[in-house]
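Shown here: structure25.cif, mmCIF, C-alpha atoms and all ligand atoms.
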data_run
loop_
_atom_site.group_PDB
_atom_site.id
_atom_site.type_symbol
_atom_site.label_atom_id
_atom_site.label_comp_id
_atom_site.auth_asym_id
_atom_site.auth_seq_id
_atom_site.Cartn_x
_atom_site.Cartn_y
_atom_site.Cartn_z
ATOM 1 C CA MET A 12 151.011 142.508 -109.907
ATOM 2 C CA TYR A 13 151.538 140.945 -113.357
ATOM 3 C CA SER A 14 154.200 142.659 -115.439
ATOM 4 C CA GLU A 15 155.719 141.596 -118.725
ATOM 5 C CA VAL A 16 159.410 141.148 -119.388
ATOM 6 C CA LEU A 17 159.011 140.167 -123.038
ATOM 7 C CA ARG A 18 156.486 141.115 -125.682
ATOM 8 C CA VAL A 19 156.663 139.621 -129.164
ATOM 9 C CA ARG A 20 154.377 141.054 -131.845
ATOM 10 C CA ASP A 21 153.704 139.608 -135.277
ATOM 11 C CA LEU A 22 157.151 137.996 -135.566
ATOM 12 C CA ARG A 23 157.906 136.630 -139.037
ATOM 13 C CA VAL A 24 160.970 134.569 -139.898
ATOM 14 C CA TYR A 25 161.413 133.185 -143.389
ATOM 15 C CA TYR A 26 164.127 130.955 -144.881
ATOM 16 C CA HIS A 27 164.737 131.968 -148.463
ATOM 17 C CA THR A 28 165.171 129.075 -150.896
ATOM 18 C CA PRO A 29 165.323 128.955 -154.699
ATOM 19 C CA ARG A 30 161.731 127.639 -154.613
ATOM 20 C CA GLY A 31 160.460 130.541 -152.517
ATOM 21 C CA PRO A 32 160.331 131.549 -148.852
ATOM 22 C CA VAL A 33 159.812 128.869 -146.184
ATOM 23 C CA LYS A 34 157.666 130.664 -143.629
ATOM 24 C CA ALA A 35 159.102 129.116 -140.461
ATOM 25 C CA VAL A 36 157.483 131.654 -138.132
ATOM 26 C CA ASN A 37 154.401 133.219 -139.605
ATOM 27 C CA GLY A 38 153.277 136.211 -137.530
ATOM 28 C CA VAL A 39 153.585 135.034 -133.938
ATOM 29 C CA SER A 40 152.627 137.201 -130.950
ATOM 30 C CA PHE A 41 152.982 136.387 -127.247
ATOM 31 C CA ALA A 42 154.182 137.856 -123.967
ATOM 32 C CA VAL A 43 156.136 136.449 -121.027
ATOM 33 C CA GLY A 44 155.633 137.758 -117.500
ATOM 34 C CA THR A 45 158.326 138.718 -115.011
ATOM 35 C CA ARG A 46 159.500 135.544 -113.203
ATOM 36 C CA GLU A 47 157.160 133.473 -115.353
ATOM 37 C CA ARG A 48 157.972 130.033 -116.770
ATOM 38 C CA PHE A 49 156.479 129.978 -120.249
ATOM 39 C CA GLY A 50 156.613 126.955 -122.547
ATOM 40 C CA LEU A 51 156.562 126.733 -126.323
ATOM 41 C CA VAL A 52 155.569 123.263 -127.456
ATOM 42 C CA GLY A 53 155.142 121.726 -130.891
ATOM 43 C CA GLU A 54 156.341 119.085 -133.318
ATOM 44 C CA SER A 55 159.763 119.460 -134.896
ATOM 45 C CA GLY A 56 159.622 122.018 -137.680
ATOM 46 C CA SER A 57 156.773 123.930 -136.007
ATOM 47 C CA GLY A 58 158.949 127.039 -135.618
ATOM 48 C CA LYS A 59 159.660 126.968 -131.888
ATOM 49 C CA SER A 60 163.474 126.808 -132.124
ATOM 50 C CA THR A 61 163.420 129.466 -134.852
ATOM 51 C CA ILE A 62 161.590 131.730 -132.401
ATOM 52 C CA ALA A 63 164.381 131.125 -129.835
ATOM 53 C CA LEU A 64 167.052 132.100 -132.369
ATOM 54 C CA ALA A 65 165.037 135.128 -133.478
ATOM 55 C CA LEU A 66 164.699 136.365 -129.881
ATOM 56 C CA LEU A 67 168.496 136.298 -129.657
ATOM 57 C CA ARG A 68 168.838 137.669 -133.200
ATOM 58 C CA LEU A 69 170.890 134.645 -134.164
ATOM 59 C CA ILE A 70 169.010 133.766 -137.362
ATOM 60 C CA LYS A 71 171.581 133.100 -140.071
ATOM 61 C CA PRO A 72 171.099 133.412 -143.871
ATOM 62 C CA PRO A 73 169.207 132.142 -145.768
ATOM 63 C CA GLY A 74 166.969 132.795 -142.760
ATOM 64 C CA LYS A 75 165.802 136.355 -142.122
ATOM 65 C CA ILE A 76 163.580 138.126 -139.635
ATOM 66 C CA GLU A 77 161.078 139.645 -142.022
ATOM 67 C CA GLY A 78 159.062 141.675 -139.603
ATOM 68 C CA GLY A 79 157.538 142.144 -136.189
ATOM 69 C CA GLU A 80 158.675 143.519 -132.890
ATOM 70 C CA ILE A 81 160.527 142.020 -129.917
ATOM 71 C CA LEU A 82 160.416 144.176 -126.788
ATOM 72 C CA LEU A 83 162.504 143.015 -123.837
ATOM 73 C CA ASP A 84 161.657 145.387 -120.986
ATOM 74 C CA ASP A 85 162.391 148.744 -122.573
ATOM 75 C CA LEU A 86 164.727 147.368 -125.267
ATOM 76 C CA ASN A 87 163.481 147.083 -128.824
ATOM 77 C CA LEU A 88 165.700 144.129 -129.832
ATOM 78 C CA LEU A 89 165.136 144.248 -133.576
ATOM 79 C CA ALA A 90 166.178 147.910 -133.642
ATOM 80 C CA LEU A 91 169.421 147.516 -131.656
ATOM 81 C CA PRO A 92 172.783 147.913 -133.429
ATOM 82 C CA ASP A 93 174.666 144.590 -133.683
ATOM 83 C CA GLU A 94 177.229 145.535 -131.024
ATOM 84 C CA GLU A 95 174.484 146.473 -128.509
ATOM 85 C CA MET A 96 172.693 143.211 -129.254
ATOM 86 C CA ARG A 97 175.899 141.264 -128.607
ATOM 87 C CA LYS A 98 176.024 142.797 -125.113
ATOM 88 C CA VAL A 99 172.350 142.053 -124.491
ATOM 89 C CA ARG A 100 172.948 138.343 -125.213
ATOM 90 C CA LEU A 101 173.967 136.612 -121.989
ATOM 91 C CA ALA A 102 173.671 139.845 -119.954
ATOM 92 C CA VAL A 103 169.896 140.250 -120.419
ATOM 93 C CA ILE A 104 168.737 137.254 -122.440
ATOM 94 C CA ALA A 105 170.625 133.947 -122.323
ATOM 95 C CA LEU A 106 170.266 130.666 -124.167
ATOM 96 C CA VAL A 107 170.700 127.111 -122.957
ATOM 97 C CA ALA A 108 170.650 125.420 -126.323
ATOM 98 C CA GLN A 109 169.728 121.925 -127.393
ATOM 99 C CA GLY A 110 172.893 119.863 -126.938
ATOM 100 C CA ALA A 111 174.623 122.914 -125.403
ATOM 101 C CA MET A 112 176.888 120.555 -123.506
ATOM 102 C CA ASN A 113 178.540 119.592 -126.800
ATOM 103 C CA SER A 114 179.410 123.228 -127.427
ATOM 104 C CA LEU A 115 181.780 123.379 -124.440
ATOM 105 C CA ASN A 116 185.385 123.842 -125.521
ATOM 106 C CA PRO A 117 187.062 120.444 -124.922
ATOM 107 C CA VAL A 118 190.512 121.951 -124.248
ATOM 108 C CA LEU A 119 189.443 124.555 -121.676
ATOM 109 C CA ARG A 120 188.812 123.957 -117.979
ATOM 110 C CA VAL A 121 185.307 124.842 -116.778
ATOM 111 C CA LYS A 122 186.440 127.986 -114.971
ATOM 112 C CA ASP A 123 188.211 129.273 -118.072
ATOM 113 C CA GLN A 124 185.024 128.850 -120.096
ATOM 114 C CA ILE A 125 183.140 130.908 -117.513
ATOM 115 C CA TYR A 126 185.993 133.435 -117.510
ATOM 116 C CA ASP A 127 185.778 133.794 -121.304
ATOM 117 C CA ALA A 128 182.039 134.491 -121.110
ATOM 118 C CA LEU A 129 182.507 137.149 -118.415
ATOM 119 C CA GLN A 130 185.493 138.776 -120.111
ATOM 120 C CA ASP A 131 183.671 138.873 -123.421
ATOM 121 C CA HIS A 132 181.089 141.081 -121.710
ATOM 122 C CA GLY A 133 183.676 143.390 -120.149
ATOM 123 C CA VAL A 134 183.386 142.076 -116.582
ATOM 124 C CA GLN A 135 186.559 143.024 -114.673
ATOM 125 C CA LEU A 136 187.259 140.956 -111.542
ATOM 126 C CA SER A 137 190.363 140.247 -109.433
ATOM 127 C CA SER A 138 191.414 136.607 -109.551
ATOM 128 C CA GLN A 139 190.013 136.099 -106.040
ATOM 129 C CA GLU A 140 186.673 137.698 -106.976
ATOM 130 C CA PHE A 141 186.594 135.604 -110.123
ATOM 131 C CA ASP A 142 187.213 132.362 -108.190
ATOM 132 C CA GLU A 143 184.395 133.331 -105.814
ATOM 133 C CA ARG A 144 182.072 134.057 -108.747
ATOM 134 C CA VAL A 145 182.845 130.663 -110.313
ATOM 135 C CA ARG A 146 182.305 128.869 -106.988
ATOM 136 C CA ASP A 147 178.981 130.666 -106.515
ATOM 137 C CA LEU A 148 177.820 129.833 -110.049
ATOM 138 C CA LEU A 149 178.753 126.161 -109.694
ATOM 139 C CA GLU A 150 176.976 125.963 -106.339
ATOM 140 C CA ARG A 151 173.837 127.507 -107.841
ATOM 141 C CA VAL A 152 173.685 124.729 -110.406
ATOM 142 C CA GLY A 153 174.435 122.001 -107.880
ATOM 143 C CA LEU A 154 178.056 121.271 -108.829
ATOM 144 C CA ARG A 155 181.025 120.837 -106.493
ATOM 145 C CA ARG A 156 183.685 123.569 -106.543
ATOM 146 C CA GLU A 157 186.306 121.079 -107.806
ATOM 147 C CA VAL A 158 184.448 121.011 -111.117
ATOM 148 C CA ALA A 159 185.981 124.443 -111.815
ATOM 149 C CA THR A 160 189.344 122.916 -112.694
ATOM 150 C CA MET A 161 187.975 119.971 -114.685
ATOM 151 C CA TYR A 162 187.782 119.554 -118.448
ATOM 152 C CA PRO A 163 184.460 118.751 -120.179
ATOM 153 C CA HIS A 164 185.500 115.133 -120.906
ATOM 154 C CA GLU A 165 185.770 114.532 -117.144
ATOM 155 C CA LEU A 166 182.071 115.419 -116.656
ATOM 156 C CA SER A 167 178.869 113.429 -117.233
ATOM 157 C CA GLY A 168 176.226 114.738 -119.674
ATOM 158 C CA GLY A 169 174.121 116.115 -116.828
ATOM 159 C CA MET A 170 177.135 117.899 -115.282
ATOM 160 C CA LYS A 171 178.080 119.429 -118.639
ATOM 161 C CA GLN A 172 174.550 120.715 -119.101
ATOM 162 C CA ARG A 173 174.734 122.251 -115.591
ATOM 163 C CA VAL A 174 177.980 123.990 -116.581
ATOM 164 C CA CYS A 175 176.117 125.425 -119.579
ATOM 165 C CA ILE A 176 173.387 126.657 -117.245
ATOM 166 C CA ALA A 177 176.088 128.222 -114.999
ATOM 167 C CA ILE A 178 177.522 130.074 -118.019
ATOM 168 C CA ALA A 179 174.029 131.138 -119.128
ATOM 169 C CA ILE A 180 173.281 132.718 -115.722
ATOM 170 C CA SER A 181 176.780 134.170 -115.166
ATOM 171 C CA LEU A 182 175.551 137.720 -115.850
ATOM 172 C CA ARG A 183 172.161 137.314 -114.151
ATOM 173 C CA PRO A 184 169.964 137.561 -117.268
ATOM 174 C CA LYS A 185 166.303 138.588 -117.010
ATOM 175 C CA LEU A 186 165.219 135.969 -119.508
ATOM 176 C CA ILE A 187 166.590 132.449 -119.998
ATOM 177 C CA ILE A 188 165.639 130.584 -123.152
ATOM 178 C CA ALA A 189 166.026 126.838 -122.702
ATOM 179 C CA ASP A 190 165.676 125.015 -126.027
ATOM 180 C CA GLU A 191 165.150 121.278 -125.400
ATOM 181 C CA PRO A 192 167.801 121.569 -122.643
ATOM 182 C CA THR A 193 167.509 117.937 -121.582
ATOM 183 C CA SER A 194 166.890 116.165 -124.877
ATOM 184 C CA ALA A 195 170.150 114.157 -124.873
ATOM 185 C CA LEU A 196 169.879 113.060 -121.224
ATOM 186 C CA ASP A 197 168.224 110.073 -119.593
ATOM 187 C CA VAL A 198 164.954 110.590 -117.778
ATOM 188 C CA VAL A 199 166.323 110.793 -114.221
ATOM 189 C CA VAL A 200 169.046 113.279 -115.183
ATOM 190 C CA GLN A 201 166.475 115.225 -117.231
ATOM 191 C CA ARG A 202 164.395 115.793 -114.128
ATOM 192 C CA GLN A 203 167.443 116.882 -112.102
ATOM 193 C CA VAL A 204 168.561 119.345 -114.769
ATOM 194 C CA MET A 205 165.024 120.779 -115.011
ATOM 195 C CA GLU A 206 164.942 121.201 -111.237
ATOM 196 C CA THR A 207 168.275 123.035 -111.438
ATOM 197 C CA LEU A 208 166.907 125.354 -114.114
ATOM 198 C CA GLU A 209 163.829 126.103 -112.031
ATOM 199 C CA LYS A 210 165.943 126.763 -108.967
ATOM 200 C CA VAL A 211 168.300 129.212 -110.706
ATOM 201 C CA GLN A 212 165.335 130.923 -112.340
ATOM 202 C CA GLN A 213 163.770 131.480 -108.933
ATOM 203 C CA ASP A 214 167.083 132.538 -107.315
ATOM 204 C CA LEU A 215 167.663 135.132 -110.028
ATOM 205 C CA GLY A 216 164.045 136.236 -110.340
ATOM 206 C CA ALA A 217 164.413 135.585 -114.076
ATOM 207 C CA SER A 218 161.798 134.420 -116.564
ATOM 208 C CA ILE A 219 162.157 131.270 -118.629
ATOM 209 C CA ILE A 220 160.974 130.240 -122.050
ATOM 210 C CA LEU A 221 161.190 126.457 -122.197
ATOM 211 C CA ILE A 222 161.048 125.062 -125.708
ATOM 212 C CA GLY A 223 160.253 121.415 -126.357
ATOM 213 C CA HIS A 224 157.946 118.771 -127.724
ATOM 214 C CA ASP A 225 157.359 116.794 -124.526
ATOM 215 C CA MET A 226 153.965 117.777 -123.081
ATOM 216 C CA GLY A 227 154.659 115.805 -119.908
ATOM 217 C CA LEU A 228 157.873 117.720 -119.183
ATOM 218 C CA MET A 229 156.093 120.984 -119.963
ATOM 219 C CA ALA A 230 153.258 120.152 -117.571
ATOM 220 C CA GLN A 231 155.760 119.572 -114.761
ATOM 221 C CA THR A 232 157.780 122.705 -115.437
ATOM 222 C CA VAL A 233 155.975 125.704 -116.910
ATOM 223 C CA GLU A 234 153.044 127.836 -115.797
ATOM 224 C CA ARG A 235 151.743 128.926 -119.181
ATOM 225 C CA LEU A 236 152.029 127.240 -122.526
ATOM 226 C CA GLY A 237 151.993 128.296 -126.168
ATOM 227 C CA VAL A 238 151.243 125.546 -128.697
ATOM 228 C CA MET A 239 152.947 125.948 -132.086
ATOM 229 C CA TYR A 240 151.787 124.376 -135.325
ATOM 230 C CA ALA A 241 153.370 124.940 -138.751
ATOM 231 C CA GLY A 242 154.887 128.312 -137.863
ATOM 232 C CA ASP A 243 151.785 129.624 -136.068
ATOM 233 C CA LEU A 244 150.895 129.883 -132.427
ATOM 234 C CA VAL A 245 147.531 128.109 -132.226
ATOM 235 C CA GLU A 246 146.758 128.182 -128.494
ATOM 236 C CA VAL A 247 148.106 130.050 -125.451
ATOM 237 C CA ALA A 248 146.807 129.398 -121.937
ATOM 238 C CA SER A 249 147.817 128.325 -118.451
ATOM 239 C CA VAL A 250 149.059 124.736 -118.228
ATOM 240 C CA SER A 251 146.151 123.833 -115.956
ATOM 241 C CA ASP A 252 143.568 125.188 -118.443
ATOM 242 C CA ILE A 253 145.227 123.446 -121.379
ATOM 243 C CA PHE A 254 145.332 120.056 -119.659
ATOM 244 C CA ARG A 255 141.860 120.429 -118.130
ATOM 245 C CA GLU A 256 140.179 121.607 -121.316
ATOM 246 C CA PRO A 257 142.314 121.936 -124.454
ATOM 247 C CA LEU A 258 140.426 124.111 -126.960
ATOM 248 C CA HIS A 259 142.301 123.905 -130.246
ATOM 249 C CA PRO A 260 141.753 120.585 -132.056
ATOM 250 C CA TYR A 261 145.538 120.163 -132.449
ATOM 251 C CA THR A 262 146.123 120.694 -128.716
ATOM 252 C CA ARG A 263 143.367 118.173 -127.989
ATOM 253 C CA LEU A 264 145.053 115.571 -130.161
ATOM 254 C CA LEU A 265 148.458 116.347 -128.635
ATOM 255 C CA ILE A 266 147.087 115.710 -125.160
ATOM 256 C CA ALA A 267 145.091 112.665 -126.239
ATOM 257 C CA SER A 268 148.283 111.221 -127.739
ATOM 258 C CA LEU A 269 150.013 111.197 -124.343
ATOM 259 C CA PRO A 270 150.260 107.709 -122.870
ATOM 260 C CA SER A 271 147.983 107.084 -119.891
ATOM 261 C CA PHE A 272 148.240 104.463 -117.158
ATOM 262 C CA ASP A 273 145.407 102.419 -118.709
ATOM 263 C CA GLN A 274 147.126 102.313 -122.063
ATOM 264 C CA LYS A 275 150.380 101.216 -120.453
ATOM 265 C CA GLY A 276 152.606 103.797 -122.111
ATOM 266 C CA VAL A 277 151.301 103.461 -125.672
ATOM 267 C CA PHE A 278 151.664 106.617 -127.786
ATOM 268 C CA ARG A 279 148.858 107.363 -130.227
ATOM 269 C CA GLY A 280 150.189 109.582 -133.007
ATOM 270 C CA ILE A 281 148.251 112.298 -134.821
ATOM 271 C CA PRO A 282 147.320 111.042 -138.308
ATOM 272 C CA GLY A 283 148.734 113.001 -141.262
ATOM 273 C CA LEU A 284 151.704 115.291 -141.612
ATOM 274 C CA PRO A 285 152.233 119.009 -140.988
ATOM 275 C CA PRO A 286 151.802 121.110 -144.148
ATOM 276 C CA SER A 287 154.692 122.398 -146.245
ATOM 277 C CA LEU A 288 155.837 125.807 -145.095
ATOM 278 C CA LEU A 289 156.820 126.591 -148.687
ATOM 279 C CA ASN A 290 153.900 128.028 -150.652
ATOM 280 C CA ARG A 291 151.507 127.655 -147.760
ATOM 281 C CA ALA A 292 147.968 126.804 -148.732
ATOM 282 C CA PRO A 293 145.282 129.348 -147.770
ATOM 283 C CA GLY A 294 143.104 128.671 -144.733
ATOM 284 C CA CYS A 295 143.881 127.020 -141.437
ATOM 285 C CA PRO A 296 147.234 125.183 -141.439
ATOM 286 C CA PHE A 297 145.685 122.307 -139.452
ATOM 287 C CA TYR A 298 142.827 121.870 -141.959
ATOM 288 C CA PRO A 299 144.169 118.665 -143.646
ATOM 289 C CA ARG A 300 144.467 116.854 -140.279
ATOM 290 C CA CYS A 301 141.636 118.412 -138.302
ATOM 291 C CA PRO A 302 138.732 116.118 -137.304
ATOM 292 C CA GLN A 303 136.473 119.165 -136.841
ATOM 293 C CA ALA A 304 137.322 121.014 -140.048
ATOM 294 C CA MET A 305 134.566 123.039 -141.715
ATOM 295 C CA GLU A 306 134.287 124.508 -145.209
ATOM 296 C CA ARG A 307 135.390 127.924 -144.049
ATOM 297 C CA CYS A 308 138.635 126.492 -142.627
ATOM 298 C CA ALA A 309 139.982 125.724 -146.108
ATOM 299 C CA ILE A 310 139.723 129.352 -147.162
ATOM 300 C CA GLU A 311 140.205 131.593 -144.158
ATOM 301 C CA GLU A 312 143.159 131.447 -141.777
ATOM 302 C CA PRO A 313 141.901 131.858 -138.191
ATOM 303 C CA PRO A 314 143.673 134.605 -136.199
ATOM 304 C CA LEU A 315 144.818 134.017 -132.600
ATOM 305 C CA ARG A 316 142.077 135.577 -130.466
ATOM 306 C CA GLU A 317 141.276 135.756 -126.760
ATOM 307 C CA VAL A 318 138.230 133.468 -126.634
ATOM 308 C CA GLN A 319 138.016 133.197 -122.852
ATOM 309 C CA PRO A 320 139.785 135.296 -120.204
ATOM 310 C CA LYS A 321 143.533 134.637 -120.638
ATOM 311 C CA ARG A 322 142.957 131.957 -123.273
ATOM 312 C CA TRP A 323 143.990 132.596 -126.846
ATOM 313 C CA VAL A 324 143.045 130.212 -129.653
ATOM 314 C CA ALA A 325 143.404 130.362 -133.443
ATOM 315 C CA CYS A 326 140.401 128.341 -134.607
ATOM 316 C CA HIS A 327 137.085 129.067 -136.302
ATOM 317 C CA LEU A 328 135.240 126.900 -133.763
ATOM 318 C CA TYR A 329 135.437 129.788 -131.264
HETATM 319 FE FE1 LIG B 401 140.146 122.682 -137.371
HETATM 320 FE FE2 LIG B 401 138.960 124.667 -138.668
HETATM 321 FE FE3 LIG B 401 139.789 125.046 -136.180
HETATM 322 FE FE4 LIG B 401 141.525 124.817 -138.186
HETATM 323 S S1 LIG B 401 140.030 126.466 -137.892
HETATM 324 S S2 LIG B 401 141.663 123.849 -136.207
HETATM 325 S S3 LIG B 401 140.540 123.309 -139.473
HETATM 326 S S4 LIG B 401 138.193 123.649 -136.851
#

Now that the file is in, can you turn its structure into structure tokens?
Amino acid sequence: MYSEVLRVRDLRVYYHTPRGPVKAVNGVSFAVGTRERFGLVGESGSGKSTIALALLRLIKPPGKIEGGEILLDDLNLLALPDEEMRKVRLAVIALVAQGAMNSLNPVLRVKDQIYDALQDHGVQLSSQEFDERVRDLLERVGLRREVATMYPHELSGGMKQRVCIAIAISLRPKLIIADEPTSALDVVVQRQVMETLEKVQQDLGASIILIGHDMGLMAQTVERLGVMYAGDLVEVASVSDIFREPLHPYTRLLIASLPSFDQKGVFRGIPGLPPSLLNRAPGCPFYPRCPQAMERCAIEEPPLREVQPKRWVACHLY
């Protein structure tokens, strides 16, 4: 039976500048199922990483969550006191950030970094229990137990990113947010790290939100996909539906821009640039680049609607 672990409704995140608010996330709604792997894909600046930070309530000024609701199981995250939210991070919702491996403390051994994370959340263990916990966590992410006593500079990029995954799952969170977790790694290591993430997600029975811009990686990893454009979610559907029949004109162009075997790896870009998020123009944000734009699109912003069973699209064509 399908059940939801996360429900986001009408989330708005603005960055306040002297020239006015930059509407980085402009009323986004979506849900993630229990044990589901959900992807958020879009160009840089489309709002996907801002959503990740908002889910963890880590938006810093001049950014601000202006409105909406984030329900994680029975927790209303935007209503939690700061101290409660601090406990929820890692314990219930954990982040594997872009370049997380560079955030490891260079002067602490791996096991001490895991210890810090556990202690910070009030976990009390004997030193034997702690060593067992570290060994178990390292095994889950495919690292040898000797890694526990190593320093970050003794590890490869892929190993460091696995350590970050081990820390992220140390309290068995229900939801793991992975924001471009493999962006700094080469393709072979990328695949291995993604396989590790999938494995730990399945072991824990957790859900994942994978954030990225690489449609190919998304297709291999997630079950359902949300496509972001200029702070809006423009299409949400299963990966198979999106690749079989993309509905939103932007999604179509994204998929058409992927290199195929015939084209021998040539990328075809999407002409034009995303709109400014400062003083947004009325109408559909994709209007200036859309090959199917109509008169109405310049005036009226299309809402995200369920246009086929389990397929949501924000476009006047439907
Ligand atoms: Fe294109 Fe209009 Fe659809 Fe926007 S609403 S994507 S401009 S057809």

Given 4 Å of margin on each side, can you work out the centre and size in Å (one decimal) of an axis-aligned box holding every listed atom of region 309-322 of chain A, as lines of an AutoDock Vina configuration file?
center_x = 141.4
center_y = 130.7
center_z = -133.7
size_x = 14.8
size_y = 18.0
size_z = 35.0

So which one's closest to Val174 (chain A), A:Met229, A:Ala111, A:Ala267, A:Leu186? Using all atoms listed in the file, please.
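Of the candidates, the smallest distance to Val174 (chain A) is held by A:Ala111.
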
Which of these, A:Gly242, A:Gly294, A:Pro117, A:Gly223, has the shortest distance to ligand LIG 401 (chain B) once you count only C-alpha atoms and all ligand atoms?
A:Gly294

Using all atoms listed in the file, which of the listed residues (A:Val39, A:Val204, A:Val250, A:Leu244) sits closest to ligand LIG 401 (chain B)?
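Closest residue, counting all atoms listed in the file: A:Leu244.
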
Can you list, as a PyMOL selection string, every protein, DNA or RNA residue that comes within 8 Å of region 41-54 of chain A when you count all atoms listed in the file, leaving out same-chain residues fewer than 3 positions away?
chain A and resi 13-20+57+59+212-213+216-226+229+232-240
